[in-house]
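Beneath this line is the structure, given in structure tokens, with notes to follow.
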Amino acid sequence: MNQSILFAESTLRRNYHNLQFCPQNNREDLRKSAGQSIGRLKGALPGFKLVPFRGLSVQNLPFTQQLLLPYELAKLGKLEDAYLVLDAEKALSATINLDEHLVLKSRGAVDELTGLTGKVRELENSVSDPNFPFAKDEQYGYLSYRPLLAGSGLYINLLLHLPILHYLKQIYPLIQMMREQGLLLRPASGYNSKNPARLFILSNLSSLNMTDRQVLELVQKGALQLIQKERALQEKALNGSAHSIILDKLWRSYGILQYARRLDANDFLVHWSGLRLGASSGILPVSLKTADSLLVYGNDQVFREKEDQPNTFIFQRADAVRLMLSGG
């Protein structure tokens, strides 16, 4: 199961009782929300780093961080007084004034999910302030700007690689099947309609009247169903003729990533997906760990940190990928 899941994220959604919910245009409430959240988070996270969203391109964030931002980010207005808070040392983060006043996040491996949920619950206790309580209803639990999201506020996100299901166009029936089970399956496509990496995010639709354990079990059960279907198709697709179309695609991706001198982000992600499938199935001479470590090059953030010229990124990406695949 773990091979198909790149990582898991446990999140808690919270809104302040004394303020209007996001998204809305009351700048005064947004400022108050930001002040209340930043002050508490700064005290709770030793490695506190504040990143304003205003004027920030999502390309300036790590690729996997970008994928798990609110799906409707582009529709949420000017993102005034909206922030990302990071603590890399503890693998904890938070978003402020995006889809909720405060969303607390803890990320790690899927087999660490119980611990990740414990960490985000500890962070919740650290940032809770009796002077500014979170909005909560006796019947419905913690409240959201979307009634569907009321409940404990616990949401689990799993990032899955499902290349054969995508290739055979079987994802959309599965989206409906997951929804009937109380789960949301969506392409990890960032802020356009493309999904070159064949990555998908699975999460619970609601947390109403559910314990943390029930939420975890629900998402894990759905993930297992998807992975079993993906594995069954992989066995049929990859254990046939040595001249099959899919095997050819995997080896082509391996060759391109090993020797290309120019790689834009989209081309890289297309071939990364083939490389990862070949690595996880044991067909290509690449470890799954190496394939997953390459995903950092899924956008331009790692190159922007060096303050290099954008027109050099396609060359730098190709150079970095070749170096990692050669063991350098």
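The chains in the structure tokens are called A, B, ... from first to last as shown; in each chain the residues are counted from 1, and the ligands are counted from 1 in the order shown.
Using only C-alpha atoms, the contacts of Pro163 (chain A) at a cut-off of 7 Å, with sequence neighbours closer than 4 positions omitted, comprise Tyr167, Arg198 and Ser273 of chain A.
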Would you export the selected residues with N, CA and C atoms as a compact mmCIF listing (two decimals), in the first residue's frame, please?
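Saved file out.txt follows:
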# COMPACT_ATOMS: atom_id res chain seq x y z
N TYR A 167 -4.26 6.39 -17.07
CA TYR A 167 -3.99 6.06 -18.48
C TYR A 167 -5.19 5.36 -19.13
N ARG A 198 0.07 12.37 -12.87
CA ARG A 198 -0.88 11.30 -12.54
C ARG A 198 -0.98 11.12 -11.02
N SER A 273 6.34 10.50 -13.84
CA SER A 273 5.29 9.52 -13.57
C SER A 273 5.68 8.15 -14.12
Would you please give, as a PyMOL selection string, all residues of region 11-155 of chain A that DSSP assigns to alpha helix (DSSP H) based on the backbone? chain A and resi 27-44+63-67+113-127
Write to file, as an mmCIF file, in the first residue's frame, the residues of the selection just made, with N, CA and C atoms.
data_model
loop_
_atom_site.group_PDB
_atom_site.id
_atom_site.type_symbol
_atom_site.label_atom_id
_atom_site.label_comp_id
_atom_site.auth_asym_id
_atom_site.auth_seq_id
_atom_site.Cartn_x
_atom_site.Cartn_y
_atom_site.Cartn_z
ATOM 1 N N ARG A 27 -12.108 43.241 5.793
ATOM 2 C CA ARG A 27 -10.670 43.322 6.037
ATOM 3 C C ARG A 27 -10.340 43.384 7.519
ATOM 4 N N GLU A 28 -11.197 44.028 8.298
ATOM 5 C CA GLU A 28 -10.934 44.144 9.730
ATOM 6 C C GLU A 28 -10.944 42.766 10.384
ATOM 7 N N ASP A 29 -11.909 41.928 10.026
ATOM 8 C CA ASP A 29 -11.949 40.578 10.578
ATOM 9 C C ASP A 29 -10.751 39.747 10.141
ATOM 10 N N LEU A 30 -10.345 39.916 8.884
ATOM 11 C CA LEU A 30 -9.179 39.180 8.395
ATOM 12 C C LEU A 30 -7.920 39.579 9.168
ATOM 13 N N ARG A 31 -7.780 40.881 9.446
ATOM 14 C CA ARG A 31 -6.619 41.336 10.218
ATOM 15 C C ARG A 31 -6.645 40.759 11.633
ATOM 16 N N LYS A 32 -7.818 40.761 12.234
ATOM 17 C CA LYS A 32 -7.935 40.210 13.584
ATOM 18 C C LYS A 32 -7.620 38.723 13.594
ATOM 19 N N SER A 33 -8.151 38.001 12.622
ATOM 20 C CA SER A 33 -7.885 36.573 12.523
ATOM 21 C C SER A 33 -6.394 36.305 12.373
ATOM 22 N N ALA A 34 -5.741 37.054 11.476
ATOM 23 C CA ALA A 34 -4.309 36.879 11.265
ATOM 24 C C ALA A 34 -3.533 37.171 12.542
ATOM 25 N N GLY A 35 -3.885 38.265 13.220
ATOM 26 C CA GLY A 35 -3.189 38.615 14.457
ATOM 27 C C GLY A 35 -3.339 37.555 15.524
ATOM 28 N N GLN A 36 -4.577 37.051 15.695
ATOM 29 C CA GLN A 36 -4.827 36.024 16.702
ATOM 30 C C GLN A 36 -4.055 34.742 16.390
ATOM 31 N N SER A 37 -4.041 34.342 15.115
ATOM 32 C CA SER A 37 -3.388 33.088 14.726
ATOM 33 C C SER A 37 -1.873 33.196 14.763
ATOM 34 N N ILE A 38 -1.336 34.275 14.205
ATOM 35 C CA ILE A 38 0.117 34.409 14.123
ATOM 36 C C ILE A 38 0.736 34.464 15.512
ATOM 37 N N GLY A 39 0.107 35.218 16.404
ATOM 38 C CA GLY A 39 0.647 35.322 17.753
ATOM 39 C C GLY A 39 0.729 33.984 18.454
ATOM 40 N N ARG A 40 -0.307 33.165 18.337
ATOM 41 C CA ARG A 40 -0.326 31.865 19.003
ATOM 42 C C ARG A 40 0.622 30.875 18.318
ATOM 43 N N LEU A 41 0.662 30.893 16.988
ATOM 44 C CA LEU A 41 1.533 29.961 16.269
ATOM 45 C C LEU A 41 3.005 30.274 16.515
ATOM 46 N N LYS A 42 3.315 31.544 16.618
ATOM 47 C CA LYS A 42 4.711 31.929 16.845
ATOM 48 C C LYS A 42 5.215 31.381 18.169
ATOM 49 N N GLY A 43 4.336 31.350 19.156
ATOM 50 C CA GLY A 43 4.729 30.803 20.447
ATOM 51 C C GLY A 43 4.760 29.290 20.473
ATOM 52 N N ALA A 44 3.982 28.657 19.591
ATOM 53 C CA ALA A 44 3.872 27.194 19.615
ATOM 54 C C ALA A 44 4.911 26.494 18.744
ATOM 55 N N PHE A 63 6.751 22.113 -4.527
ATOM 56 C CA PHE A 63 5.724 21.529 -5.386
ATOM 57 C C PHE A 63 4.643 20.791 -4.590
ATOM 58 N N THR A 64 5.044 19.954 -3.648
ATOM 59 C CA THR A 64 4.037 19.191 -2.898
ATOM 60 C C THR A 64 3.245 20.098 -1.962
ATOM 61 N N GLN A 65 3.857 21.162 -1.470
ATOM 62 C CA GLN A 65 3.127 22.135 -0.661
ATOM 63 C C GLN A 65 2.078 22.832 -1.522
ATOM 64 N N GLN A 66 2.440 23.138 -2.740
ATOM 65 C CA GLN A 66 1.526 23.789 -3.678
ATOM 66 C C GLN A 66 0.304 22.918 -3.957
ATOM 67 N N LEU A 67 0.513 21.617 -4.113
ATOM 68 C CA LEU A 67 -0.583 20.712 -4.476
ATOM 69 C C LEU A 67 -1.680 20.668 -3.421
ATOM 70 N N LEU A 113 0.231 8.021 10.240
ATOM 71 C CA LEU A 113 -0.982 8.836 10.284
ATOM 72 C C LEU A 113 -1.491 9.073 11.695
ATOM 73 N N THR A 114 -1.482 8.037 12.528
ATOM 74 C CA THR A 114 -1.963 8.216 13.901
ATOM 75 C C THR A 114 -1.106 9.237 14.631
ATOM 76 N N GLY A 115 0.207 9.146 14.453
ATOM 77 C CA GLY A 115 1.106 10.102 15.079
ATOM 78 C C GLY A 115 0.950 11.500 14.518
ATOM 79 N N LEU A 116 0.723 11.614 13.204
ATOM 80 C CA LEU A 116 0.519 12.922 12.594
ATOM 81 C C LEU A 116 -0.729 13.595 13.157
ATOM 82 N N THR A 117 -1.772 12.801 13.350
ATOM 83 C CA THR A 117 -2.999 13.348 13.921
ATOM 84 C C THR A 117 -2.775 13.784 15.358
ATOM 85 N N GLY A 118 -1.983 13.008 16.085
ATOM 86 C CA GLY A 118 -1.643 13.407 17.453
ATOM 87 C C GLY A 118 -0.877 14.714 17.483
ATOM 88 N N LYS A 119 0.042 14.901 16.532
ATOM 89 C CA LYS A 119 0.837 16.133 16.480
ATOM 90 C C LYS A 119 -0.025 17.352 16.180
ATOM 91 N N VAL A 120 -0.989 17.188 15.269
ATOM 92 C CA VAL A 120 -1.822 18.334 14.921
ATOM 93 C C VAL A 120 -2.800 18.648 16.055
ATOM 94 N N ARG A 121 -3.201 17.629 16.813
ATOM 95 C CA ARG A 121 -4.037 17.860 17.993
ATOM 96 C C ARG A 121 -3.243 18.587 19.088
ATOM 97 N N GLU A 122 -1.982 18.231 19.244
ATOM 98 C CA GLU A 122 -1.126 18.932 20.213
ATOM 99 C C GLU A 122 -0.951 20.393 19.819
ATOM 100 N N LEU A 123 -0.770 20.630 18.519
ATOM 101 C CA LEU A 123 -0.624 22.005 18.052
ATOM 102 C C LEU A 123 -1.910 22.780 18.299
ATOM 103 N N GLU A 124 -3.051 22.141 18.093
ATOM 104 C CA GLU A 124 -4.333 22.792 18.370
ATOM 105 C C GLU A 124 -4.404 23.238 19.826
ATOM 106 N N ASN A 125 -4.003 22.363 20.736
ATOM 107 C CA ASN A 125 -4.023 22.717 22.158
ATOM 108 C C ASN A 125 -3.101 23.901 22.446
ATOM 109 N N SER A 126 -1.971 23.944 21.735
ATOM 110 C CA SER A 126 -0.998 25.023 21.973
ATOM 111 C C SER A 126 -1.500 26.373 21.474
ATOM 112 N N VAL A 127 -2.283 26.375 20.402
ATOM 113 C CA VAL A 127 -2.722 27.651 19.826
ATOM 114 C C VAL A 127 -4.098 28.080 20.317
#
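Note that CA of Glu230 (chain A) and CA of Glu180 (chain A) are 19.4 Å apart.
Going from CA of Gly298 (chain A) to CA of Ile171 (chain A) covers 22.1 Å.
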Neighbour list for Glu100 (chain A) as a PyMOL selection string, cut-off 7 Å, only C-alpha atoms, skip fewer than 6 positions in-chain: chain A and resi 13-15+21-22+144
Quick one: residues within 12 Å of Ala237 (chain A), only C-alpha atoms, excluding same-chain residues fewer than 5 positions away - as a count of residues only? 20
Find the residues near Asp300 (chain A): any atom within 7 Å, counting only C-alpha atoms, skip ones fewer than 2 places away on the same chain, and give them as a ChimeraX atom specification. /A:59,297,302-304,313
Choose the residue, out of A:Asn299, A:Asn157, A:Ser106, A:Ser4, that has the smallest atom-to-atom separation from Leu68 (chain A); count only C-alpha atoms. A:Asn157
For the contact check between region 198-275 of chain A and region 149-156 of chain A, emit one row per residue of region 198-275 of chain A within 9 Å, containing the shortest atom pair and the distance in Å rounded to one decimal, counting only C-alpha atoms, chain then rising number order, as a Markdown table.
| residue | atom | partner | partner_atom | distance |
| --- | --- | --- | --- | --- |
| A:Leu202 | CA | A:Ile156 | CA | 7.9 |
| A:Ser203 | CA | A:Ile156 | CA | 5.3 |
| A:Asn204 | CA | A:Tyr155 | CA | 6.1 |
| A:Leu205 | CA | A:Leu149 | CA | 7.3 |
| A:Ser206 | CA | A:Leu149 | CA | 5.4 |
| A:Ser207 | CA | A:Gly151 | CA | 4.9 |
| A:Leu208 | CA | A:Gly151 | CA | 3.9 |
| A:Asn209 | CA | A:Gly151 | CA | 6.3 |
| A:Met210 | CA | A:Ser152 | CA | 7.2 |
| A:Thr211 | CA | A:Ser152 | CA | 7.6 |
| A:Asp212 | CA | A:Leu154 | CA | 7.0 |
| A:Val215 | CA | A:Tyr155 | CA | 7.5 |
| A:Leu216 | CA | A:Ile156 | CA | 7.0 |
| A:Val219 | CA | A:Ile156 | CA | 7.0 |
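The two atoms in question, CA of Arg317 (chain A) and CA of Pro62 (chain A), are spaced 14.3 Å apart.
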